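Just my_file-v4.txt here, compact mmCIF, N, CA and C atoms:
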# COMPACT_ATOMS: atom_id res chain seq x y z
N MET Y 94 0.84 -1.19 0.00
CA MET Y 94 0.00 0.00 0.00
C MET Y 94 0.89 1.25 0.00
N ALA Y 95 0.58 2.20 -0.85
CA ALA Y 95 1.37 3.43 -0.95
C ALA Y 95 1.14 4.31 0.28
N GLU Y 96 2.21 4.95 0.69
CA GLU Y 96 2.09 5.86 1.82
C GLU Y 96 1.35 7.12 1.40
N ALA Y 97 0.65 7.71 2.36
CA ALA Y 97 -0.13 8.92 2.09
C ALA Y 97 0.80 10.09 1.76
N LEU Y 98 0.29 10.97 0.94
CA LEU Y 98 1.02 12.18 0.58
C LEU Y 98 1.00 13.12 1.78
N SER Y 99 2.15 13.66 2.11
CA SER Y 99 2.28 14.61 3.22
C SER Y 99 2.58 15.98 2.64
N VAL Y 100 1.78 16.97 3.03
CA VAL Y 100 1.98 18.34 2.55
C VAL Y 100 2.01 19.27 3.76
N VAL Y 101 3.05 20.09 3.83
CA VAL Y 101 3.19 21.08 4.91
C VAL Y 101 3.38 22.45 4.26
N VAL Y 102 2.52 23.39 4.66
CA VAL Y 102 2.60 24.76 4.15
C VAL Y 102 3.13 25.66 5.26
N TRP Y 103 4.32 26.21 5.03
CA TRP Y 103 4.88 27.20 5.94
C TRP Y 103 4.30 28.54 5.51
N SER Y 104 3.64 29.25 6.43
CA SER Y 104 2.95 30.48 6.05
C SER Y 104 2.95 31.47 7.20
N LYS Y 105 2.40 32.64 6.92
CA LYS Y 105 2.23 33.65 7.97
C LYS Y 105 0.88 34.33 7.77
N GLN Y 106 0.40 34.91 8.82
CA GLN Y 106 -0.88 35.61 8.77
C GLN Y 106 -0.78 36.82 7.84
N GLY Y 107 -1.82 37.02 7.05
CA GLY Y 107 -1.86 38.18 6.16
C GLY Y 107 -1.10 38.00 4.86
N CYS Y 108 -0.59 36.81 4.59
CA CYS Y 108 0.17 36.56 3.37
C CYS Y 108 -0.78 36.11 2.25
N HIS Y 109 -0.93 36.94 1.25
CA HIS Y 109 -1.82 36.64 0.13
C HIS Y 109 -1.40 35.37 -0.60
N TYR Y 110 -0.11 35.22 -0.85
CA TYR Y 110 0.39 34.04 -1.55
C TYR Y 110 0.14 32.76 -0.75
N CYS Y 111 0.28 32.85 0.57
CA CYS Y 111 0.04 31.70 1.44
C CYS Y 111 -1.43 31.27 1.35
N GLU Y 112 -2.33 32.23 1.39
CA GLU Y 112 -3.76 31.92 1.28
C GLU Y 112 -4.10 31.32 -0.08
N GLU Y 113 -3.44 31.82 -1.11
CA GLU Y 113 -3.65 31.28 -2.46
C GLU Y 113 -3.26 29.80 -2.51
N VAL Y 114 -2.14 29.45 -1.91
CA VAL Y 114 -1.68 28.06 -1.87
C VAL Y 114 -2.68 27.19 -1.10
N LYS Y 115 -3.11 27.65 0.07
CA LYS Y 115 -4.04 26.88 0.88
C LYS Y 115 -5.37 26.68 0.15
N GLN Y 116 -5.86 27.72 -0.51
CA GLN Y 116 -7.11 27.62 -1.25
C GLN Y 116 -6.98 26.61 -2.40
N TYR Y 117 -5.87 26.64 -3.10
CA TYR Y 117 -5.62 25.70 -4.19
C TYR Y 117 -5.65 24.27 -3.67
N LEU Y 118 -4.96 24.01 -2.55
CA LEU Y 118 -4.91 22.67 -1.98
C LEU Y 118 -6.30 22.21 -1.55
N LYS Y 119 -7.09 23.12 -0.96
CA LYS Y 119 -8.46 22.77 -0.57
C LYS Y 119 -9.29 22.40 -1.79
N GLU Y 120 -9.18 23.19 -2.86
CA GLU Y 120 -9.94 22.92 -4.08
C GLU Y 120 -9.57 21.58 -4.69
N LYS Y 121 -8.32 21.16 -4.53
CA LYS Y 121 -7.85 19.89 -5.09
C LYS Y 121 -8.00 18.74 -4.08
N ASP Y 122 -8.62 19.00 -2.93
CA ASP Y 122 -8.81 18.00 -1.88
C ASP Y 122 -7.50 17.38 -1.42
N VAL Y 123 -6.48 18.21 -1.29
CA VAL Y 123 -5.17 17.77 -0.80
C VAL Y 123 -5.07 18.21 0.67
N ALA Y 124 -4.99 17.24 1.56
CA ALA Y 124 -4.85 17.55 2.98
C ALA Y 124 -3.46 18.14 3.24
N TYR Y 125 -3.39 19.10 4.14
CA TYR Y 125 -2.10 19.72 4.46
C TYR Y 125 -2.07 20.16 5.91
N GLN Y 126 -0.87 20.35 6.41
CA GLN Y 126 -0.65 20.93 7.73
C GLN Y 126 -0.02 22.29 7.52
N THR Y 127 -0.21 23.16 8.49
CA THR Y 127 0.34 24.51 8.41
C THR Y 127 1.36 24.73 9.53
N VAL Y 128 2.48 25.36 9.18
CA VAL Y 128 3.43 25.85 10.17
C VAL Y 128 3.39 27.37 10.05
N ASP Y 129 2.87 28.03 11.07
CA ASP Y 129 2.72 29.49 11.05
C ASP Y 129 4.01 30.13 11.58
N VAL Y 130 4.65 30.96 10.76
CA VAL Y 130 5.89 31.62 11.17
C VAL Y 130 5.65 33.02 11.72
N THR Y 131 4.37 33.44 11.78
CA THR Y 131 4.04 34.76 12.31
C THR Y 131 4.57 34.87 13.74
N ASP Y 132 5.38 35.87 14.00
CA ASP Y 132 5.96 36.11 15.33
C ASP Y 132 6.83 34.95 15.83
N HIS Y 133 7.36 34.13 14.91
CA HIS Y 133 8.21 33.01 15.29
C HIS Y 133 9.46 33.01 14.41
N ASP Y 134 10.40 33.88 14.73
CA ASP Y 134 11.63 33.96 13.94
C ASP Y 134 12.41 32.66 13.95
N GLU Y 135 12.27 31.87 15.03
CA GLU Y 135 12.99 30.59 15.09
C GLU Y 135 12.50 29.64 13.99
N ARG Y 136 11.24 29.76 13.60
CA ARG Y 136 10.72 28.94 12.50
C ARG Y 136 11.28 29.42 11.17
N ARG Y 137 11.46 30.72 11.03
CA ARG Y 137 12.10 31.25 9.82
C ARG Y 137 13.57 30.80 9.77
N ASP Y 138 14.20 30.68 10.95
CA ASP Y 138 15.57 30.18 11.00
C ASP Y 138 15.64 28.76 10.44
N ILE Y 139 14.63 27.95 10.73
CA ILE Y 139 14.57 26.59 10.19
C ILE Y 139 14.51 26.62 8.67
N LEU Y 140 13.66 27.49 8.13
CA LEU Y 140 13.58 27.62 6.66
C LEU Y 140 14.92 28.06 6.07
N ASP Y 141 15.58 28.96 6.76
CA ASP Y 141 16.88 29.45 6.30
C ASP Y 141 17.91 28.32 6.27
N ILE Y 142 17.92 27.51 7.31
CA ILE Y 142 18.86 26.39 7.37
C ILE Y 142 18.53 25.35 6.30
N LYS Y 143 17.26 25.01 6.16
CA LYS Y 143 16.86 23.94 5.23
C LYS Y 143 16.94 24.37 3.77
N TYR Y 144 16.48 25.60 3.47
CA TYR Y 144 16.30 25.99 2.07
C TYR Y 144 16.98 27.30 1.68
N GLY Y 145 17.58 27.98 2.65
CA GLY Y 145 18.25 29.23 2.33
C GLY Y 145 17.30 30.39 2.08
N VAL Y 146 16.06 30.28 2.59
CA VAL Y 146 15.07 31.36 2.45
C VAL Y 146 14.45 31.64 3.81
N ARG Y 147 13.94 32.84 3.97
CA ARG Y 147 13.23 33.20 5.20
C ARG Y 147 11.80 33.63 4.90
N TYR Y 148 11.43 33.62 3.63
CA TYR Y 148 10.09 34.06 3.24
C TYR Y 148 9.15 32.86 3.14
N VAL Y 149 7.87 33.17 3.09
CA VAL Y 149 6.84 32.15 2.89
C VAL Y 149 5.95 32.59 1.73
N PRO Y 150 5.21 31.73 1.12
CA PRO Y 150 5.03 30.33 1.49
C PRO Y 150 6.16 29.43 1.01
N VAL Y 151 6.43 28.42 1.81
CA VAL Y 151 7.27 27.30 1.41
C VAL Y 151 6.40 26.07 1.60
N ILE Y 152 6.36 25.21 0.58
CA ILE Y 152 5.53 24.02 0.66
C ILE Y 152 6.45 22.80 0.60
N GLU Y 153 6.29 21.92 1.57
CA GLU Y 153 7.03 20.65 1.59
C GLU Y 153 6.04 19.55 1.22
N ILE Y 154 6.40 18.76 0.22
CA ILE Y 154 5.52 17.70 -0.28
C ILE Y 154 6.32 16.41 -0.29
N GLY Y 155 5.75 15.36 0.28
CA GLY Y 155 6.49 14.11 0.28
C GLY Y 155 5.63 12.88 0.47
N ARG Y 156 6.26 11.75 0.22
CA ARG Y 156 5.63 10.45 0.41
C ARG Y 156 6.76 9.50 0.82
N GLY Y 157 6.62 8.88 1.97
CA GLY Y 157 7.67 7.99 2.44
C GLY Y 157 8.94 8.78 2.71
N ASN Y 158 10.04 8.35 2.10
CA ASN Y 158 11.33 9.00 2.29
C ASN Y 158 11.65 10.00 1.19
N VAL Y 159 10.73 10.22 0.28
CA VAL Y 159 10.96 11.12 -0.84
C VAL Y 159 10.11 12.37 -0.64
N TYR Y 160 10.76 13.52 -0.60
CA TYR Y 160 10.02 14.76 -0.50
C TYR Y 160 10.77 15.86 -1.24
N GLU Y 161 10.06 16.91 -1.53
CA GLU Y 161 10.70 18.08 -2.13
C GLU Y 161 10.03 19.32 -1.59
N SER Y 162 10.70 20.42 -1.76
CA SER Y 162 10.15 21.69 -1.31
C SER Y 162 9.86 22.58 -2.50
N VAL Y 163 8.85 23.40 -2.34
CA VAL Y 163 8.53 24.41 -3.33
C VAL Y 163 8.76 25.75 -2.67
N THR Y 164 9.81 26.44 -3.12
CA THR Y 164 10.13 27.75 -2.54
C THR Y 164 9.80 28.89 -3.50
N GLU Y 165 9.48 28.54 -4.75
CA GLU Y 165 9.11 29.57 -5.72
C GLU Y 165 7.66 29.97 -5.51
N ILE Y 166 7.37 31.24 -5.69
CA ILE Y 166 6.02 31.76 -5.55
C ILE Y 166 5.24 31.45 -6.83
N GLY Y 167 4.02 30.99 -6.65
CA GLY Y 167 3.14 30.75 -7.79
C GLY Y 167 2.62 29.32 -7.83
N ILE Y 168 1.35 29.19 -8.12
CA ILE Y 168 0.68 27.89 -8.16
C ILE Y 168 1.31 26.94 -9.19
N PRO Y 169 1.78 27.40 -10.35
CA PRO Y 169 2.37 26.45 -11.31
C PRO Y 169 3.52 25.63 -10.72
N HIS Y 170 4.31 26.20 -9.84
CA HIS Y 170 5.41 25.46 -9.21
C HIS Y 170 4.86 24.37 -8.29
N LEU Y 171 3.81 24.69 -7.57
CA LEU Y 171 3.16 23.72 -6.69
C LEU Y 171 2.52 22.60 -7.51
N GLU Y 172 1.86 22.95 -8.59
CA GLU Y 172 1.23 21.94 -9.46
C GLU Y 172 2.25 20.93 -9.98
N LYS Y 173 3.39 21.42 -10.43
CA LYS Y 173 4.43 20.52 -10.96
C LYS Y 173 4.92 19.58 -9.89
N ALA Y 174 5.14 20.07 -8.68
CA ALA Y 174 5.62 19.22 -7.59
C ALA Y 174 4.58 18.17 -7.23
N LEU Y 175 3.32 18.55 -7.18
CA LEU Y 175 2.26 17.59 -6.87
C LEU Y 175 2.16 16.51 -7.95
N GLU Y 176 2.30 16.90 -9.20
CA GLU Y 176 2.26 15.93 -10.30
C GLU Y 176 3.36 14.89 -10.17
N ARG Y 177 4.55 15.34 -9.81
CA ARG Y 177 5.69 14.44 -9.68
C ARG Y 177 5.51 13.43 -8.55
N LEU Y 178 4.84 13.83 -7.49
CA LEU Y 178 4.74 12.99 -6.29
C LEU Y 178 3.43 12.25 -6.14
N GLN Y 179 2.47 12.48 -7.00
CA GLN Y 179 1.18 11.79 -6.84
C GLN Y 179 1.12 10.51 -7.60

Take the structure in this file and express it as structure tokens.
Amino acid sequence: MAEALSVVVWSKQGCHYCEEVKQYLKEKDVAYQTVDVTDHDERRDILDIKYGVRYVPVIEIGRGNVYESVTEIGIPHLEKALERLQ
């Protein structure tokens, strides 16, 4: 049996791009978890260490031991990553 797709959206309150990503995932019935970086610089530090960015949204998508991150802004980047992993 294939492992479930895991999606994590790193976001902050008031971020238009973050809301766009979440709305897209809801419309596609893709379950996701959110990591809110609002007022949490230590969470931005994690993004900096992992991906060399401090901005959001960052989307982590994976299944089993295979995952990738989407750090580029825009739904087309998210769509491509989802296609590769579904």

Between atom CA of Glu153 of chain Y and atom CA of Lys173 of chain Y, what is the distance in Å, rounded to a tenth?
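It comes out at 12.8 Å.
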
State, in Å with one decimal place, the distance from atom CA of Lys115 of chain Y to atom CA of Ala174 of chain Y.
15.0 Å

To one decimal place, how far is atom CA of Arg147 of chain Y from atom CA of Asp134 of chain Y in Å?
8.9 Å

Helix (DSSP H, G or I) per DSSP on the backbone: members of chain Y, as an MDAnalysis selection string:
chainID Y and resid 109:120 134:144 168:178

Give me the residues within 6 Å of Ile154 of chain Y as JSON, numbers by chain, counting only N, CA and C atoms and dropping any in the same chain fewer than 4 places off.
{"Y": [99, 100, 101, 159, 160, 161, 162, 163]}

Closest to Ala97 of chain Y among Y:Gly155, Y:Glu176, Y:Val130, Y:His170, using all atoms listed in the file?
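Selected residue with least distance to Ala97 of chain Y: Y:Gly155.
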
Using only C-alpha atoms: which of Y:Glu135, Y:Lys121, Y:Gly107, Y:Glu112 has the shortest distance to Ile166 of chain Y
Y:Glu112

What are the DSSP strand (DSSP E) residues of chain Y, as a PyMOL selection string?
chain Y and resi 99-104+126-129+151-156+159-163

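Among Y:Gly145, Y:Asp132, Y:Leu178, Y:Pro150, the residue with the shortest atom-to-atom distance to Glu165 of chain Y, counting all atoms listed in the file, is Y:Pro150.
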
Would you mind listing what lies within 8 Å of Asp129 of chain Y as a list in words, with all atoms listed in the file counted and same-chain residues fewer than 2 positions away left out?
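My list of contacting residues is Val102, Trp103, Ser104, Lys105, Gln106, Gln126, Thr127, Thr131, Asp132, His133, Arg136 and Arg137 of chain Y.
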
Is it possible to produce a file of segment 140-170 of chain Y from this structure, with N, CA, C and O atoms, as a PDB file, in the first residue's frame?
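New file out25.pdb:
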ATOM      1  N   LEU Y 140      13.663  27.493   8.126  1.00  0.00           N
ATOM      2  CA  LEU Y 140      13.584  27.623   6.662  1.00  0.00           C
ATOM      3  C   LEU Y 140      14.915  28.056   6.073  1.00  0.00           C
ATOM      4  O   LEU Y 140      15.330  27.565   5.023  1.00  0.00           O
ATOM      5  N   ASP Y 141      15.583  28.960   6.765  1.00  0.00           N
ATOM      6  CA  ASP Y 141      16.881  29.449   6.299  1.00  0.00           C
ATOM      7  C   ASP Y 141      17.907  28.317   6.267  1.00  0.00           C
ATOM      8  O   ASP Y 141      18.650  28.157   5.296  1.00  0.00           O
ATOM      9  N   ILE Y 142      17.919  27.511   7.306  1.00  0.00           N
ATOM     10  CA  ILE Y 142      18.859  26.388   7.372  1.00  0.00           C
ATOM     11  C   ILE Y 142      18.530  25.348   6.302  1.00  0.00           C
ATOM     12  O   ILE Y 142      19.422  24.853   5.610  1.00  0.00           O
ATOM     13  N   LYS Y 143      17.258  25.006   6.163  1.00  0.00           N
ATOM     14  CA  LYS Y 143      16.862  23.944   5.231  1.00  0.00           C
ATOM     15  C   LYS Y 143      16.938  24.371   3.766  1.00  0.00           C
ATOM     16  O   LYS Y 143      17.374  23.596   2.920  1.00  0.00           O
ATOM     17  N   TYR Y 144      16.482  25.596   3.474  1.00  0.00           N
ATOM     18  CA  TYR Y 144      16.299  25.993   2.074  1.00  0.00           C
ATOM     19  C   TYR Y 144      16.979  27.297   1.681  1.00  0.00           C
ATOM     20  O   TYR Y 144      16.913  27.696   0.520  1.00  0.00           O
ATOM     21  N   GLY Y 145      17.578  27.982   2.646  1.00  0.00           N
ATOM     22  CA  GLY Y 145      18.249  29.233   2.332  1.00  0.00           C
ATOM     23  C   GLY Y 145      17.300  30.394   2.084  1.00  0.00           C
ATOM     24  O   GLY Y 145      17.662  31.378   1.450  1.00  0.00           O
ATOM     25  N   VAL Y 146      16.062  30.285   2.591  1.00  0.00           N
ATOM     26  CA  VAL Y 146      15.070  31.358   2.454  1.00  0.00           C
ATOM     27  C   VAL Y 146      14.445  31.636   3.808  1.00  0.00           C
ATOM     28  O   VAL Y 146      14.412  30.764   4.674  1.00  0.00           O
ATOM     29  N   ARG Y 147      13.942  32.843   3.973  1.00  0.00           N
ATOM     30  CA  ARG Y 147      13.227  33.204   5.201  1.00  0.00           C
ATOM     31  C   ARG Y 147      11.801  33.632   4.896  1.00  0.00           C
ATOM     32  O   ARG Y 147      11.053  33.982   5.789  1.00  0.00           O
ATOM     33  N   TYR Y 148      11.428  33.616   3.628  1.00  0.00           N
ATOM     34  CA  TYR Y 148      10.088  34.057   3.237  1.00  0.00           C
ATOM     35  C   TYR Y 148       9.147  32.861   3.138  1.00  0.00           C
ATOM     36  O   TYR Y 148       9.557  31.705   3.118  1.00  0.00           O
ATOM     37  N   VAL Y 149       7.872  33.165   3.088  1.00  0.00           N
ATOM     38  CA  VAL Y 149       6.839  32.153   2.890  1.00  0.00           C
ATOM     39  C   VAL Y 149       5.950  32.588   1.733  1.00  0.00           C
ATOM     40  O   VAL Y 149       5.960  33.760   1.375  1.00  0.00           O
ATOM     41  N   PRO Y 150       5.215  31.726   1.118  1.00  0.00           N
ATOM     42  CA  PRO Y 150       5.026  30.333   1.489  1.00  0.00           C
ATOM     43  C   PRO Y 150       6.164  29.435   1.009  1.00  0.00           C
ATOM     44  O   PRO Y 150       6.770  29.681  -0.022  1.00  0.00           O
ATOM     45  N   VAL Y 151       6.426  28.423   1.806  1.00  0.00           N
ATOM     46  CA  VAL Y 151       7.274  27.298   1.410  1.00  0.00           C
ATOM     47  C   VAL Y 151       6.402  26.067   1.598  1.00  0.00           C
ATOM     48  O   VAL Y 151       5.753  25.920   2.637  1.00  0.00           O
ATOM     49  N   ILE Y 152       6.357  25.213   0.584  1.00  0.00           N
ATOM     50  CA  ILE Y 152       5.534  24.016   0.656  1.00  0.00           C
ATOM     51  C   ILE Y 152       6.449  22.798   0.598  1.00  0.00           C
ATOM     52  O   ILE Y 152       7.272  22.690  -0.310  1.00  0.00           O
ATOM     53  N   GLU Y 153       6.291  21.915   1.566  1.00  0.00           N
ATOM     54  CA  GLU Y 153       7.028  20.655   1.588  1.00  0.00           C
ATOM     55  C   GLU Y 153       6.035  19.549   1.219  1.00  0.00           C
ATOM     56  O   GLU Y 153       4.977  19.431   1.830  1.00  0.00           O
ATOM     57  N   ILE Y 154       6.398  18.758   0.217  1.00  0.00           N
ATOM     58  CA  ILE Y 154       5.525  17.702  -0.276  1.00  0.00           C
ATOM     59  C   ILE Y 154       6.318  16.408  -0.291  1.00  0.00           C
ATOM     60  O   ILE Y 154       7.438  16.371  -0.821  1.00  0.00           O
ATOM     61  N   GLY Y 155       5.750  15.361   0.278  1.00  0.00           N
ATOM     62  CA  GLY Y 155       6.486  14.106   0.279  1.00  0.00           C
ATOM     63  C   GLY Y 155       5.628  12.885   0.467  1.00  0.00           C
ATOM     64  O   GLY Y 155       4.458  12.953   0.833  1.00  0.00           O
ATOM     65  N   ARG Y 156       6.262  11.748   0.220  1.00  0.00           N
ATOM     66  CA  ARG Y 156       5.635  10.450   0.415  1.00  0.00           C
ATOM     67  C   ARG Y 156       6.757   9.499   0.817  1.00  0.00           C
ATOM     68  O   ARG Y 156       7.746   9.366   0.098  1.00  0.00           O
ATOM     69  N   GLY Y 157       6.619   8.884   1.975  1.00  0.00           N
ATOM     70  CA  GLY Y 157       7.674   7.995   2.440  1.00  0.00           C
ATOM     71  C   GLY Y 157       8.945   8.777   2.712  1.00  0.00           C
ATOM     72  O   GLY Y 157       8.936   9.771   3.425  1.00  0.00           O
ATOM     73  N   ASN Y 158      10.036   8.346   2.104  1.00  0.00           N
ATOM     74  CA  ASN Y 158      11.331   9.004   2.292  1.00  0.00           C
ATOM     75  C   ASN Y 158      11.654   9.998   1.190  1.00  0.00           C
ATOM     76  O   ASN Y 158      12.757  10.528   1.153  1.00  0.00           O
ATOM     77  N   VAL Y 159      10.730  10.216   0.283  1.00  0.00           N
ATOM     78  CA  VAL Y 159      10.960  11.122  -0.837  1.00  0.00           C
ATOM     79  C   VAL Y 159      10.115  12.374  -0.635  1.00  0.00           C
ATOM     80  O   VAL Y 159       8.901  12.290  -0.483  1.00  0.00           O
ATOM     81  N   TYR Y 160      10.762  13.519  -0.603  1.00  0.00           N
ATOM     82  CA  TYR Y 160      10.018  14.763  -0.505  1.00  0.00           C
ATOM     83  C   TYR Y 160      10.773  15.859  -1.236  1.00  0.00           C
ATOM     84  O   TYR Y 160      11.948  15.720  -1.558  1.00  0.00           O
ATOM     85  N   GLU Y 161      10.063  16.906  -1.534  1.00  0.00           N
ATOM     86  CA  GLU Y 161      10.701  18.081  -2.132  1.00  0.00           C
ATOM     87  C   GLU Y 161      10.028  19.321  -1.592  1.00  0.00           C
ATOM     88  O   GLU Y 161       8.932  19.254  -1.033  1.00  0.00           O
ATOM     89  N   SER Y 162      10.701  20.424  -1.761  1.00  0.00           N
ATOM     90  CA  SER Y 162      10.146  21.694  -1.305  1.00  0.00           C
ATOM     91  C   SER Y 162       9.864  22.584  -2.503  1.00  0.00           C
ATOM     92  O   SER Y 162      10.539  22.499  -3.527  1.00  0.00           O
ATOM     93  N   VAL Y 163       8.853  23.401  -2.336  1.00  0.00           N
ATOM     94  CA  VAL Y 163       8.527  24.410  -3.334  1.00  0.00           C
ATOM     95  C   VAL Y 163       8.762  25.751  -2.668  1.00  0.00           C
ATOM     96  O   VAL Y 163       8.048  26.126  -1.743  1.00  0.00           O
ATOM     97  N   THR Y 164       9.808  26.443  -3.119  1.00  0.00           N
ATOM     98  CA  THR Y 164      10.128  27.750  -2.539  1.00  0.00           C
ATOM     99  C   THR Y 164       9.800  28.889  -3.499  1.00  0.00           C
ATOM    100  O   THR Y 164       9.834  30.043  -3.106  1.00  0.00           O
ATOM    101  N   GLU Y 165       9.480  28.542  -4.751  1.00  0.00           N
ATOM    102  CA  GLU Y 165       9.112  29.574  -5.720  1.00  0.00           C
ATOM    103  C   GLU Y 165       7.658  29.970  -5.514  1.00  0.00           C
ATOM    104  O   GLU Y 165       6.813  29.125  -5.226  1.00  0.00           O
ATOM    105  N   ILE Y 166       7.371  31.243  -5.691  1.00  0.00           N
ATOM    106  CA  ILE Y 166       6.022  31.764  -5.545  1.00  0.00           C
ATOM    107  C   ILE Y 166       5.239  31.447  -6.825  1.00  0.00           C
ATOM    108  O   ILE Y 166       5.740  31.617  -7.926  1.00  0.00           O
ATOM    109  N   GLY Y 167       4.019  30.988  -6.648  1.00  0.00           N
ATOM    110  CA  GLY Y 167       3.141  30.749  -7.793  1.00  0.00           C
ATOM    111  C   GLY Y 167       2.620  29.324  -7.831  1.00  0.00           C
ATOM    112  O   GLY Y 167       3.362  28.374  -7.590  1.00  0.00           O
ATOM    113  N   ILE Y 168       1.354  29.192  -8.117  1.00  0.00           N
ATOM    114  CA  ILE Y 168       0.684  27.892  -8.160  1.00  0.00           C
ATOM    115  C   ILE Y 168       1.314  26.942  -9.186  1.00  0.00           C
ATOM    116  O   ILE Y 168       1.393  25.736  -8.922  1.00  0.00           O
ATOM    117  N   PRO Y 169       1.782  27.404 -10.351  1.00  0.00           N
ATOM    118  CA  PRO Y 169       2.367  26.454 -11.307  1.00  0.00           C
ATOM    119  C   PRO Y 169       3.516  25.630 -10.723  1.00  0.00           C
ATOM    120  O   PRO Y 169       3.658  24.449 -11.042  1.00  0.00           O
ATOM    121  N   HIS Y 170       4.310  26.197  -9.842  1.00  0.00           N
ATOM    122  CA  HIS Y 170       5.410  25.463  -9.210  1.00  0.00           C
ATOM    123  C   HIS Y 170       4.861  24.367  -8.287  1.00  0.00           C
ATOM    124  O   HIS Y 170       5.380  23.250  -8.253  1.00  0.00           O
TER     125      HIS Y 170
END
